[in-house]
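Asks: This one is target07.txt, compact mmCIF, C-alpha atoms.
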```txt
# COMPACT_ATOMS: atom_id res chain seq x y z
CA MET A 1153 16.13 -27.89 -2.21
CA SER A 1154 15.79 -31.62 -2.66
CA LEU A 1155 13.00 -33.58 -1.07
CA SER A 1156 13.62 -35.70 2.00
CA PHE A 1157 11.03 -38.15 0.74
CA PRO A 1158 11.39 -42.02 0.72
CA LEU A 1159 9.99 -45.60 -0.24
CA TYR A 1160 10.21 -49.41 -0.79
CA LEU A 1161 7.76 -51.61 -2.75
CA ASN A 1162 6.96 -54.16 -5.45
CA PRO A 1163 8.19 -52.93 -8.84
CA SER A 1164 5.93 -54.76 -11.29
CA PHE A 1165 3.91 -52.04 -12.96
CA CYS A 1166 4.64 -53.37 -16.44
CA SER A 1167 4.78 -56.78 -18.17
CA SER A 1168 1.76 -58.86 -17.20
CA SER A 1169 0.07 -56.05 -15.28
CA ILE A 1170 -0.31 -53.96 -18.45
CA ARG A 1171 -2.31 -55.57 -21.20
CA LYS A 1172 -2.66 -54.28 -24.71
CA SER A 1173 -6.20 -52.96 -25.16
CA GLY A 1174 -8.35 -53.40 -28.20
CA GLU A 1175 -8.34 -50.92 -31.02
CA GLY A 1176 -9.25 -47.50 -29.70
CA GLY A 1177 -9.72 -48.95 -26.22
CA SER A 1178 -12.66 -48.43 -23.90
CA SER A 1179 -12.88 -45.75 -21.22
CA SER A 1180 -12.64 -48.45 -18.54
CA SER A 1181 -9.43 -49.88 -20.05
CA ARG A 1182 -7.92 -46.40 -20.28
CA ALA A 1183 -8.82 -45.77 -16.64
CA GLY A 1184 -7.22 -49.08 -15.73
CA SER A 1185 -4.04 -48.14 -17.55
CA MET A 1186 -3.91 -44.84 -15.68
CA LYS A 1187 -4.32 -46.64 -12.38
CA GLU A 1188 -1.53 -49.08 -13.24
CA ALA A 1189 0.77 -46.24 -14.33
CA SER A 1190 0.20 -44.47 -11.01
CA ALA A 1191 1.05 -47.62 -9.04
CA VAL A 1192 4.76 -46.92 -9.39
CA SER A 1193 7.31 -48.64 -7.21
CA TYR A 1194 10.87 -47.54 -6.63
CA LYS A 1195 11.98 -50.89 -5.24
CA LYS A 1196 13.73 -51.77 -8.49
CA PHE A 1197 15.74 -48.54 -8.18
CA ILE A 1198 17.00 -49.64 -4.77
CA ASP A 1199 17.66 -53.20 -5.93
CA PHE A 1200 19.67 -51.93 -8.91
CA ALA A 1201 21.73 -49.55 -6.79
CA LEU A 1202 22.65 -52.14 -4.20
CA GLU A 1203 23.56 -54.80 -6.75
CA GLU A 1204 25.58 -52.33 -8.84
CA THR A 1205 27.40 -51.08 -5.76
CA LYS A 1206 28.44 -54.63 -4.88
CA VAL A 1207 30.08 -54.93 -8.30
CA HIS A 1208 32.33 -51.95 -7.51
CA THR A 1209 33.06 -52.26 -3.81
CA HIS A 1210 32.47 -54.26 -0.66
CA LEU A 1211 29.27 -53.29 1.13
CA ALA A 1212 28.89 -53.95 4.84
CA PRO A 1213 25.84 -53.23 7.01
CA SER A 1214 26.06 -49.92 8.84
CA PRO A 1215 25.77 -49.89 12.64
CA LEU A 1216 22.70 -47.72 12.03
CA GLN A 1217 20.82 -50.66 10.49
CA LYS A 1218 20.06 -52.24 13.87
CA LYS A 1219 18.21 -49.18 15.12
CA PHE A 1220 16.78 -47.80 11.88
CA ASN A 1221 15.06 -50.48 9.79
CA SER A 1222 11.26 -50.33 9.58
CA LEU A 1223 8.39 -48.29 10.97
CA THR A 1224 4.65 -47.96 10.62
CA SER A 1225 3.09 -44.50 10.66
CA MET A 1226 0.99 -43.35 13.60
CA ASP A 1227 -2.24 -44.03 11.69
CA GLY A 1228 -1.06 -47.51 10.66
CA ARG A 1229 -1.54 -46.78 6.95
CA THR A 1230 2.02 -46.09 5.80
CA GLU A 1231 5.15 -48.24 5.90
CA LEU A 1232 8.65 -46.80 6.20
CA GLN A 1233 11.68 -48.95 5.39
CA MET A 1234 15.30 -48.00 6.06
CA LEU A 1235 18.55 -49.55 4.81
CA SER A 1236 22.12 -48.48 5.56
CA PHE A 1237 25.58 -49.66 4.54
CA GLU A 1238 29.21 -48.57 4.54
CA ALA A 1239 32.17 -49.30 2.26
CA PRO A 1240 35.91 -48.54 2.07
CA LYS A 1241 35.31 -45.12 0.46
CA VAL A 1242 31.73 -44.64 1.67
CA ARG A 1243 30.90 -43.25 5.09
CA LEU A 1244 27.20 -44.02 4.67
CA LEU A 1245 24.94 -45.38 1.95
CA ARG A 1246 21.40 -45.09 3.19
CA CYS A 1247 17.88 -45.39 1.86
CA LEU A 1248 14.56 -44.37 3.35
CA SER A 1249 11.48 -45.52 1.51
CA ILE A 1250 7.81 -44.86 2.19
CA GLU A 1251 4.78 -46.71 0.88
CA GLY A 1252 1.34 -45.34 1.62
CA ASN A 1253 -1.91 -47.17 0.99
CA ASP A 1254 -3.19 -44.05 -0.77
CA GLY A 1255 -0.73 -44.56 -3.63
CA MET A 1256 2.00 -42.38 -2.20
CA GLU A 1257 5.49 -43.67 -2.98
CA VAL A 1258 8.68 -41.92 -1.92
CA LEU A 1259 12.38 -42.65 -2.29
CA ASP A 1260 15.28 -40.96 -0.52
CA PHE A 1261 18.56 -42.63 -1.53
CA ALA A 1262 21.94 -41.04 -0.79
CA VAL A 1263 25.62 -41.95 -0.61
CA PHE A 1264 28.03 -39.92 1.53
CA PRO A 1265 31.79 -40.36 0.97
CA LYS A 1266 34.34 -40.57 3.75
CA PRO A 1267 36.11 -37.23 4.45
CA GLU A 1268 39.31 -38.65 2.97
CA PHE A 1269 37.61 -38.36 -0.44
CA ASP A 1270 36.20 -35.19 -2.00
CA LEU A 1271 33.60 -37.12 -4.01
CA PRO A 1272 30.19 -35.60 -4.73
CA ILE A 1273 27.23 -36.84 -2.69
CA PHE A 1274 24.87 -39.04 -4.68
CA CYS A 1275 21.31 -37.83 -4.14
CA ALA A 1276 18.01 -39.30 -5.40
CA ASN A 1277 14.77 -37.92 -3.97
CA PHE A 1278 11.56 -39.03 -5.70
CA PHE A 1279 7.99 -38.35 -4.59
CA THR A 1280 4.89 -39.84 -6.22
CA ALA A 1281 1.28 -39.21 -5.18
CA ALA A 1282 -1.78 -39.83 -7.36
CA SER A 1283 -0.82 -38.22 -10.70
CA THR A 1284 1.97 -35.98 -9.36
CA ASN A 1285 5.70 -36.73 -9.38
CA ILE A 1286 8.49 -34.56 -7.98
CA VAL A 1287 12.08 -35.56 -8.68
CA VAL A 1288 15.58 -34.46 -7.68
CA LEU A 1289 18.50 -36.52 -8.98
CA ASP A 1290 22.05 -35.25 -8.71
CA LEU A 1291 25.66 -35.75 -7.80
CA ASN A 1292 25.55 -32.97 -5.18
CA PRO A 1293 28.91 -31.16 -5.15
CA LEU A 1294 30.86 -31.41 -1.92
CA HIS A 1295 32.46 -28.06 -2.76
CA ALA A 1296 30.48 -25.32 -4.50
CA VAL A 1297 30.90 -25.49 -8.26
CA THR A 1298 29.93 -21.82 -8.51
CA ASP A 1299 33.15 -20.99 -6.64
CA ARG A 1300 35.45 -23.90 -7.40
CA ASP A 1301 36.16 -24.29 -11.11
CA ASP A 1302 38.75 -26.94 -10.31
CA TYR A 1303 36.12 -29.06 -8.57
CA LYS A 1304 33.68 -28.62 -11.46
CA GLU A 1305 36.34 -29.62 -13.96
CA LYS A 1306 37.36 -32.65 -11.91
CA TYR A 1307 33.93 -34.17 -11.45
CA TYR A 1308 31.39 -32.63 -13.83
CA ARG A 1309 32.94 -31.48 -17.09
CA HIS A 1310 32.86 -34.96 -18.65
CA LEU A 1311 29.32 -35.54 -17.34
CA ILE A 1312 27.75 -32.45 -18.98
CA PRO A 1313 26.49 -34.50 -22.01
CA LEU A 1314 24.73 -36.87 -19.59
CA GLY A 1315 23.06 -33.94 -17.88
CA LEU A 1316 21.98 -32.41 -21.19
CA LYS A 1317 20.47 -35.71 -22.30
CA TYR A 1318 18.13 -35.89 -19.33
CA ALA A 1319 17.50 -32.15 -19.24
CA GLU A 1320 15.76 -32.69 -22.60
CA LEU A 1321 13.79 -35.73 -21.43
CA LEU A 1322 12.95 -34.42 -17.94
CA PRO A 1323 12.47 -30.63 -18.20
CA TRP A 1324 13.32 -28.19 -15.40
CA GLY A 1325 10.74 -28.32 -12.61
CA GLY A 1326 10.26 -24.60 -12.01
CA LYS A 1327 11.35 -22.16 -9.34
CA ILE A 1328 14.12 -23.15 -6.95
CA THR A 1329 15.74 -20.86 -4.40
CA SER A 1330 19.26 -19.59 -4.84
CA GLU A 1331 20.19 -20.94 -1.38
CA SER A 1332 19.17 -24.46 -2.36
CA LEU A 1333 20.86 -24.15 -5.73
CA ARG A 1334 24.25 -23.84 -4.05
CA PHE A 1335 24.08 -27.55 -3.26
CA PHE A 1336 23.27 -28.66 -6.81
CA SER A 1337 25.55 -29.47 -9.72
CA PRO A 1338 25.29 -28.47 -13.41
CA ILE A 1339 23.86 -31.92 -14.21
CA VAL A 1340 21.03 -31.88 -11.65
CA VAL A 1341 17.68 -33.32 -12.70
CA TRP A 1342 14.97 -31.25 -11.00
CA THR A 1343 11.62 -32.03 -12.57
CA LYS A 1344 7.89 -32.52 -12.08
CA PHE A 1345 5.69 -34.68 -14.29
CA SER A 1346 2.34 -36.40 -14.50
CA SER A 1347 2.34 -40.14 -13.95
CA SER A 1348 3.05 -42.19 -17.06
CA GLN A 1349 4.94 -45.36 -17.88
CA ASN A 1350 7.19 -43.45 -20.26
CA TYR A 1351 8.30 -40.97 -17.61
CA TYR A 1352 9.00 -43.75 -15.11
CA ASP A 1353 11.10 -45.57 -17.67
CA VAL A 1354 13.09 -42.40 -18.40
CA LEU A 1355 13.55 -41.76 -14.69
CA PHE A 1356 14.81 -45.29 -14.08
CA SER A 1357 17.24 -44.90 -16.98
CA ALA A 1358 18.47 -41.60 -15.54
CA PHE A 1359 18.87 -43.10 -12.08
CA LYS A 1360 20.93 -45.98 -13.46
CA ASP A 1361 23.15 -43.72 -15.58
CA TYR A 1362 23.76 -41.22 -12.79
CA TYR A 1363 24.50 -43.91 -10.23
CA LYS A 1364 26.89 -45.75 -12.52
CA ALA A 1365 28.64 -42.42 -13.18
CA TRP A 1366 29.01 -41.87 -9.44
CA LEU A 1367 30.36 -45.39 -8.91
CA GLU A 1368 32.97 -44.81 -11.60
CA LEU A 1369 34.06 -41.62 -9.85
CA MET A 1370 34.28 -43.54 -6.60
CA GLU A 1371 36.45 -46.23 -8.17
CA GLN A 1372 38.85 -43.62 -9.54
CA ALA A 1373 39.02 -41.58 -6.32
CA THR A 1374 42.30 -41.60 -4.43
CA GLU A 1375 42.55 -41.12 -0.70
CA GLU A 1376 43.57 -37.65 0.44
CA ILE A 1377 46.60 -37.52 2.73
CA ASP A 1378 46.74 -33.76 3.25
CA THR A 1379 45.18 -33.14 6.67
CA SER A 1380 43.92 -29.68 5.69
CA GLU A 1381 42.08 -31.12 2.68
CA ILE A 1382 40.48 -33.83 4.82
CA VAL A 1383 39.36 -31.19 7.30
CA SER A 1384 37.93 -29.13 4.43
CA ASN A 1385 36.03 -32.13 3.05
CA ARG A 1386 34.64 -32.97 6.48
CA GLU A 1387 33.44 -29.42 7.07
CA ALA A 1388 31.90 -29.21 3.59
CA GLN A 1389 29.92 -32.40 4.20
CA HIS A 1390 28.90 -31.19 7.66
CA ARG A 1391 27.67 -27.93 6.16
CA TYR A 1392 25.64 -29.86 3.58
CA LEU A 1393 24.12 -32.08 6.27
CA MET A 1394 23.25 -29.13 8.50
CA TRP A 1395 21.43 -27.47 5.62
CA ARG A 1396 19.50 -30.61 4.74
CA ALA A 1397 18.63 -31.43 8.36
CA GLU A 1398 17.20 -27.96 8.88
CA LYS A 1399 15.74 -26.85 5.55
CA ASP A 1400 14.78 -29.93 3.55
CA PRO A 1401 11.07 -29.52 2.64
CA GLY A 1402 10.25 -33.21 3.07
CA HIS A 1403 10.56 -32.94 6.83
CA ARG A 1404 6.90 -32.03 7.17
CA LEU A 1405 5.91 -35.37 5.70
CA LEU A 1406 7.99 -37.31 8.23
CA ARG A 1407 6.59 -35.32 11.13
CA ARG A 1408 3.06 -35.97 9.98
CA LEU A 1409 3.72 -39.69 9.65
CA VAL A 1410 5.66 -40.51 12.83
CA GLY A 1411 5.45 -37.45 15.08
CA GLU A 1412 7.86 -34.66 15.94
CA ALA A 1413 10.27 -36.53 18.23
CA LEU A 1414 10.77 -39.62 16.08
CA ALA A 1415 10.96 -37.59 12.88
CA GLU A 1416 13.73 -35.47 14.40
CA GLU A 1417 15.68 -38.59 15.40
CA ILE A 1418 15.37 -40.08 11.89
CA LEU A 1419 16.44 -36.80 10.32
CA ARG A 1420 19.50 -36.14 12.48
CA SER A 1421 20.67 -39.68 13.25
CA PHE A 1422 19.79 -41.52 10.04
CA LEU A 1423 18.92 -39.44 6.98
CA PHE A 1424 21.52 -36.79 7.72
CA ASN A 1425 23.76 -38.76 10.00
CA GLY A 1426 26.91 -36.75 10.58
CA VAL A 1427 25.40 -33.50 11.85
CA GLN A 1428 26.67 -34.45 15.31
CA GLU A 1429 29.63 -36.62 14.33
CA LEU A 1430 31.41 -34.57 11.64
CA GLY A 1431 31.60 -31.18 13.34
CA SER A 1432 30.50 -28.90 16.14
CA LYS A 1433 29.38 -25.88 14.13
CA THR A 1434 25.70 -24.98 14.23
CA PHE A 1435 23.36 -24.16 11.36
CA LEU A 1436 23.69 -20.45 12.16
CA ASP A 1437 27.49 -20.70 12.16
CA TYR A 1438 27.28 -21.77 8.51
CA PHE A 1439 24.24 -19.68 7.53
CA PRO A 1440 24.16 -16.56 9.77
CA GLU A 1441 21.74 -14.83 7.41
CA TYR A 1442 19.01 -17.09 8.84
CA ARG A 1443 19.36 -15.74 12.37
CA SER A 1444 16.15 -14.15 13.63
CA ASP A 1445 16.08 -11.14 15.93
CA ASN A 1446 15.53 -13.45 18.91
CA GLY A 1447 18.52 -15.63 17.95
CA THR A 1448 16.54 -18.58 16.57
CA ILE A 1449 16.62 -19.95 13.01
CA ASN A 1450 14.32 -18.14 10.58
CA GLU A 1451 11.90 -20.66 9.08
CA LYS A 1452 11.90 -18.99 5.65
CA ARG A 1453 13.19 -21.12 2.81
CA SER A 1454 15.01 -18.19 1.25
CA MET A 1455 16.58 -15.11 2.76
CA ILE A 1456 18.03 -13.80 -0.50
CA GLY A 1457 14.60 -13.90 -2.08
CA LYS A 1458 15.85 -14.96 -5.50
CA SER A 1459 14.78 -18.09 -7.34
CA PHE A 1460 15.36 -19.61 -10.76
CA GLU A 1461 12.38 -20.36 -12.97
CA ASN A 1462 14.54 -21.93 -15.68
CA ARG A 1463 17.67 -24.06 -15.67
CA PRO A 1464 20.49 -21.76 -14.46
CA TRP A 1465 23.36 -23.47 -16.33
CA ASP A 1466 24.23 -23.19 -19.98
CA THR A 1467 25.01 -26.14 -22.24
CA GLU A 1468 28.67 -26.08 -21.17
CA GLY A 1469 27.82 -26.26 -17.48
CA ASN A 1470 28.53 -22.59 -16.73
CA PHE A 1471 26.39 -21.10 -13.98
CA LEU A 1472 24.27 -18.19 -15.20
CA GLY A 1473 23.93 -16.51 -11.83
CA ASN A 1474 27.54 -15.99 -10.81
CA SER A 1475 26.71 -12.85 -8.87
CA LEU A 1476 25.39 -15.17 -6.17
CA ARG A 1477 27.94 -16.43 -3.70
CA TRP A 1478 28.02 -18.45 -0.49
```
Can you turn what I pasted into structure tokens?
Replies:
Amino acid sequence: MSLSFPLYLNPSFCSSSIRKSGEGGSSSSRAGSMKEASAVSYKKFIDFALEETKVHTHLAPSPLQKKFNSLTSMDGRTELQMLSFEAPKVRLLRCLSIEGNDGMEVLDFAVFPKPEFDLPIFCANFFTAASTNIVVLDLNPLHAVTDRDDYKEKYYRHLIPLGLKYAELLPWGGKITSESLRFFSPIVVWTKFSSSQNYYDVLFSAFKDYYKAWLELMEQATEEIDTSEIVSNREAQHRYLMWRAEKDPGHRLLRRLVGEALAEEILRSFLFNGVQELGSKTFLDYFPEYRSDNGTINEKRSMIGKSFENRPWDTEGNFLGNSLRW
């Protein structure tokens, strides 16, 4: 599905660092421009999100911040930075960022609402290495939009034009499994692109627009008082977290950087905090189709075996694979 990749860095890859070359330009100046374009930083994304959030609500440090803040990889070549906050309607706003000295930059930024609110989960997962960029940006639905038309109408119908705008600028990134797709919305940005200043500018614009849209939804959200609805929201978020904690493809990167034990702690206690706190169901309780003959979790990414090469929503946000269900 999305990538559990992260980052934190200096953002200046424009202005004085990029100089206008002479007419035609030399091969060395073109090479320099390529190097500067690849030296992307997502720090300005984080800075924008935190400042914008403070305009809309009161942010307070999360209790997680004391334990999860910064790390250096086992080989001493990669820095990991972690930030976490909470707010009146937000159970956890957290960010994991990775900066490697080989040019790797990763951002994993997410906002999880409190169970008293059925808000979508804001999700931004960006991975940059050399000339390759992999991006997932979405307001992940708390309740499946393929099954819940009321939820789609409530949160996504008015955002379809925003999704179409960036679907044109950041084309669909290729095959994605039907299991993963269940956690995406009709406005998801799933894309891959070669490093360029233009693409980074478009991505920053998309990030800002999507985050501001989420903050507006948060401001408008009213607290649920129906106990059954709160229970439903809590279980839906727990299900989402269990899926991410088990099947997110970025886990391999964390394990390589900090080792199996520490990676598991970061995944379950920080990145996907709530797997232990929000419910007692196991991964196989939610996804029994992944049970192996010996009772363990099948490591396959997809059990259905179906994937989508092209964007599976039409221009009105209608899912084109409605034969697939939870």
Asks: Segment 1382-1386 of chain A: which residues within 8 Å, counting all atoms listed in the file, same-chain residues fewer than 3 positions away excluded, as a list of chain:residue names?
Replies: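 Contacts, in chain order: A:Pro1267, A:Glu1268, A:Phe1269, A:Asp1270, A:Leu1294, A:His1295, A:Glu1376, A:Ile1377, A:Asp1378, A:Thr1379, A:Gln1389, A:His1390, A:Leu1430, A:Gly1431.
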Asks: Between A:Leu1472, A:Ala1262, A:Leu1245, A:Ala1415, single out the one closest to Leu1289 of chain A, counting all atoms listed in the file.
Replies: A:Ala1262
Asks: In terms of the shortest atom-to-atom distance over all atoms listed in the file, which of A:Val1354, A:Ile1339, A:Ala1212, A:Val1297 is closest to Cys1275 of chain A?
Replies: A:Ile1339
Asks: Show me, as an mmCIF file with C-alpha atoms, in the frame of the given file, the residues that have an atom within 10 Å of Arg1420 of chain A when counting only C-alpha atoms, minus same-chain residues fewer than 5 positions from it.
Replies:
```cif
data_model
loop_
_atom_site.group_PDB
_atom_site.id
_atom_site.type_symbol
_atom_site.label_atom_id
_atom_site.label_comp_id
_atom_site.auth_asym_id
_atom_site.auth_seq_id
_atom_site.Cartn_x
_atom_site.Cartn_y
_atom_site.Cartn_z
ATOM 1 C CA LEU A 1393 24.120 -32.080 6.270
ATOM 2 C CA MET A 1394 23.250 -29.130 8.500
ATOM 3 C CA ARG A 1396 19.500 -30.610 4.740
ATOM 4 C CA ALA A 1397 18.630 -31.430 8.360
ATOM 5 C CA GLU A 1398 17.200 -27.960 8.880
ATOM 6 C CA ALA A 1415 10.960 -37.590 12.880
ATOM 7 C CA ASN A 1425 23.760 -38.760 10.000
ATOM 8 C CA GLY A 1426 26.910 -36.750 10.580
ATOM 9 C CA VAL A 1427 25.400 -33.500 11.850
ATOM 10 C CA GLN A 1428 26.670 -34.450 15.310
#
```
Asks: List every protein, DNA or RNA residue that has an atom no more than 6 Å from (10.9, -23.3, -5.0) in the file's coordinate frame, counting only C-alpha atoms, and report them as a PyMOL selection string.
Replies: chain A and resi 1327-1329
Asks: Quote the spacing between atom CA of Leu1235 of chain A and atom CA of Ser1348 of chain A in Å to one decimal place.
Replies: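 Atom CA of Leu1235 of chain A sits 27.8 Å away from atom CA of Ser1348 of chain A.
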Asks: Just give me the gap between atom CA of Phe1356 of chain A and atom CA of Phe1200 of chain A in Å, one decimal is fine.
Replies: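 Atom CA of Phe1200 of chain A lies at a distance of 9.7 Å from atom CA of Phe1356 of chain A.
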Asks: Could you make a table, as CSV, of the residues of segment 1243-1344 of chain A that have an atom within 10 Å of an atom of segment 1223-1228 of chain A, each with its nearest atom pair and distance in Å to one decimal, counting all atoms listed in the file, in chain and number order?
Replies:
```
residue,atom,partner,partner_atom,distance
A:Ile1250,CA,A:Leu1223,CA,9.4
A:Glu1251,CA,A:Thr1224,CA,9.8
A:Gly1252,CA,A:Ser1225,CA,9.2
A:Asn1253,CA,A:Gly1228,CA,9.7
```
Asks: Taking 6 positions as the minimum chain separation for residues in the same chain, which residues sit within 12 Å of Arg1443 of chain A when counting all atoms listed in the file? Answer as a PyMOL selection string.
Replies: chain A and resi 1434-1437+1449-1452+1455
Asks: Calculated over all atoms listed in the file, which of the candidates A:Asp1254, A:Tyr1318, A:Pro1338, A:Val1242 has the smallest distance to Glu1305 of chain A?
Replies: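 Among the listed residues, the smallest separation from Glu1305 of chain A belongs to A:Pro1338.
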Asks: Select, from A:Leu1211, A:Ile1286, A:Leu1291, A:Leu1311, the residue with the minimum atom-to-atom distance to Trp1324 of chain A, counting all atoms listed in the file.
Replies: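 Among A:Leu1211, A:Ile1286, A:Leu1291, A:Leu1311, it is A:Ile1286 that comes nearest to Trp1324 of chain A.
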Asks: I need the residue nearest Ala1201 of chain A from this list: A:Pro1240, A:Tyr1307, A:Lys1360, A:Leu1271. Use all atoms listed in the file for the distance.
Replies: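 Closest residue, counting all atoms listed in the file: A:Lys1360.
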Asks: Tell me, in Å to one decimal, how far atom CA of Thr1343 of chain A is from atom CA of Val1288 of chain A.
Replies: 6.7 Å
Asks: Taking all atoms listed in the file into account, name the residue in A:Lys1196, A:Lys1266, A:Lys1206, A:Arg1404 that is nearest to Glu1375 of chain A.
Replies: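 Of the candidates, the smallest distance to Glu1375 of chain A is held by A:Lys1266.
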Asks: Go through segment 1313-1349 of chain A residue by residue and, counting all atoms listed in the file, keep those with an atom at most 10 Å from segment 1361-1366 of chain A; for each kept residue give the shortest atom pair and its distance in Å to one decimal, ordered by chain and increasing number, as a Markdown table.
Replies:
```
| residue | atom | partner | partner_atom | distance |
| --- | --- | --- | --- | --- |
| A:Leu1314 | CA | A:Asp1361 | CA | 8.1 |
| A:Gly1315 | CA | A:Tyr1362 | CA | 8.9 |
| A:Ile1339 | CA | A:Tyr1362 | CA | 9.4 |
| A:Val1340 | CA | A:Tyr1362 | CA | 9.8 |
| A:Val1341 | CA | A:Tyr1362 | CA | 10.0 |
```
Asks: Since the input lacks atoms, please generate N, CA, C and O atoms for segment 1434-1445 of chain A and provide them as a PDB file, in the coordinates of the input.
Replies:
```
ATOM      1  N   THR A1434      27.153 -24.972  14.306  1.00  0.00           N
ATOM      2  CA  THR A1434      25.700 -24.980  14.230  1.00  0.00           C
ATOM      3  C   THR A1434      25.231 -24.508  12.863  1.00  0.00           C
ATOM      4  O   THR A1434      26.031 -24.010  12.055  1.00  0.00           O
ATOM      5  N   PHE A1435      23.938 -24.650  12.618  1.00  0.00           N
ATOM      6  CA  PHE A1435      23.360 -24.160  11.360  1.00  0.00           C
ATOM      7  C   PHE A1435      23.648 -22.669  11.192  1.00  0.00           C
ATOM      8  O   PHE A1435      24.022 -22.219  10.105  1.00  0.00           O
ATOM      9  N   LEU A1436      23.490 -21.900  12.258  1.00  0.00           N
ATOM     10  CA  LEU A1436      23.690 -20.450  12.160  1.00  0.00           C
ATOM     11  C   LEU A1436      25.152 -20.079  12.018  1.00  0.00           C
ATOM     12  O   LEU A1436      25.467 -18.991  11.523  1.00  0.00           O
ATOM     13  N   ASP A1437      26.074 -20.947  12.421  1.00  0.00           N
ATOM     14  CA  ASP A1437      27.490 -20.700  12.160  1.00  0.00           C
ATOM     15  C   ASP A1437      27.748 -20.717  10.648  1.00  0.00           C
ATOM     16  O   ASP A1437      28.522 -19.907  10.125  1.00  0.00           O
ATOM     17  N   TYR A1438      27.102 -21.656   9.959  1.00  0.00           N
ATOM     18  CA  TYR A1438      27.280 -21.770   8.510  1.00  0.00           C
ATOM     19  C   TYR A1438      26.408 -20.764   7.740  1.00  0.00           C
ATOM     20  O   TYR A1438      26.813 -20.268   6.685  1.00  0.00           O
ATOM     21  N   PHE A1439      25.219 -20.503   8.259  1.00  0.00           N
ATOM     22  CA  PHE A1439      24.240 -19.680   7.530  1.00  0.00           C
ATOM     23  C   PHE A1439      23.713 -18.571   8.448  1.00  0.00           C
ATOM     24  O   PHE A1439      22.540 -18.567   8.838  1.00  0.00           O
ATOM     25  N   PRO A1440      24.561 -17.615   8.821  1.00  0.00           N
ATOM     26  CA  PRO A1440      24.160 -16.560   9.770  1.00  0.00           C
ATOM     27  C   PRO A1440      23.024 -15.688   9.264  1.00  0.00           C
ATOM     28  O   PRO A1440      22.338 -15.042  10.068  1.00  0.00           O
ATOM     29  N   GLU A1441      22.817 -15.659   7.957  1.00  0.00           N
ATOM     30  CA  GLU A1441      21.740 -14.830   7.410  1.00  0.00           C
ATOM     31  C   GLU A1441      20.361 -15.324   7.835  1.00  0.00           C
ATOM     32  O   GLU A1441      19.364 -14.593   7.705  1.00  0.00           O
ATOM     33  N   TYR A1442      20.287 -16.531   8.389  1.00  0.00           N
ATOM     34  CA  TYR A1442      19.010 -17.090   8.840  1.00  0.00           C
ATOM     35  C   TYR A1442      18.726 -16.800  10.322  1.00  0.00           C
ATOM     36  O   TYR A1442      17.732 -17.280  10.855  1.00  0.00           O
ATOM     37  N   ARG A1443      19.578 -16.043  10.957  1.00  0.00           N
ATOM     38  CA  ARG A1443      19.360 -15.740  12.370  1.00  0.00           C
ATOM     39  C   ARG A1443      18.239 -14.708  12.535  1.00  0.00           C
ATOM     40  O   ARG A1443      18.283 -13.622  11.965  1.00  0.00           O
ATOM     41  N   SER A1444      17.244 -15.066  13.330  1.00  0.00           N
ATOM     42  CA  SER A1444      16.150 -14.150  13.630  1.00  0.00           C
ATOM     43  C   SER A1444      16.571 -13.164  14.715  1.00  0.00           C
ATOM     44  O   SER A1444      17.612 -13.334  15.363  1.00  0.00           O
ATOM     45  N   ASP A1445      15.765 -12.154  14.934  1.00  0.00           N
ATOM     46  CA  ASP A1445      16.080 -11.140  15.930  1.00  0.00           C
ATOM     47  C   ASP A1445      16.221 -11.741  17.322  1.00  0.00           C
ATOM     48  O   ASP A1445      16.983 -11.243  18.158  1.00  0.00           O
TER      49      ASP A1445
END
```
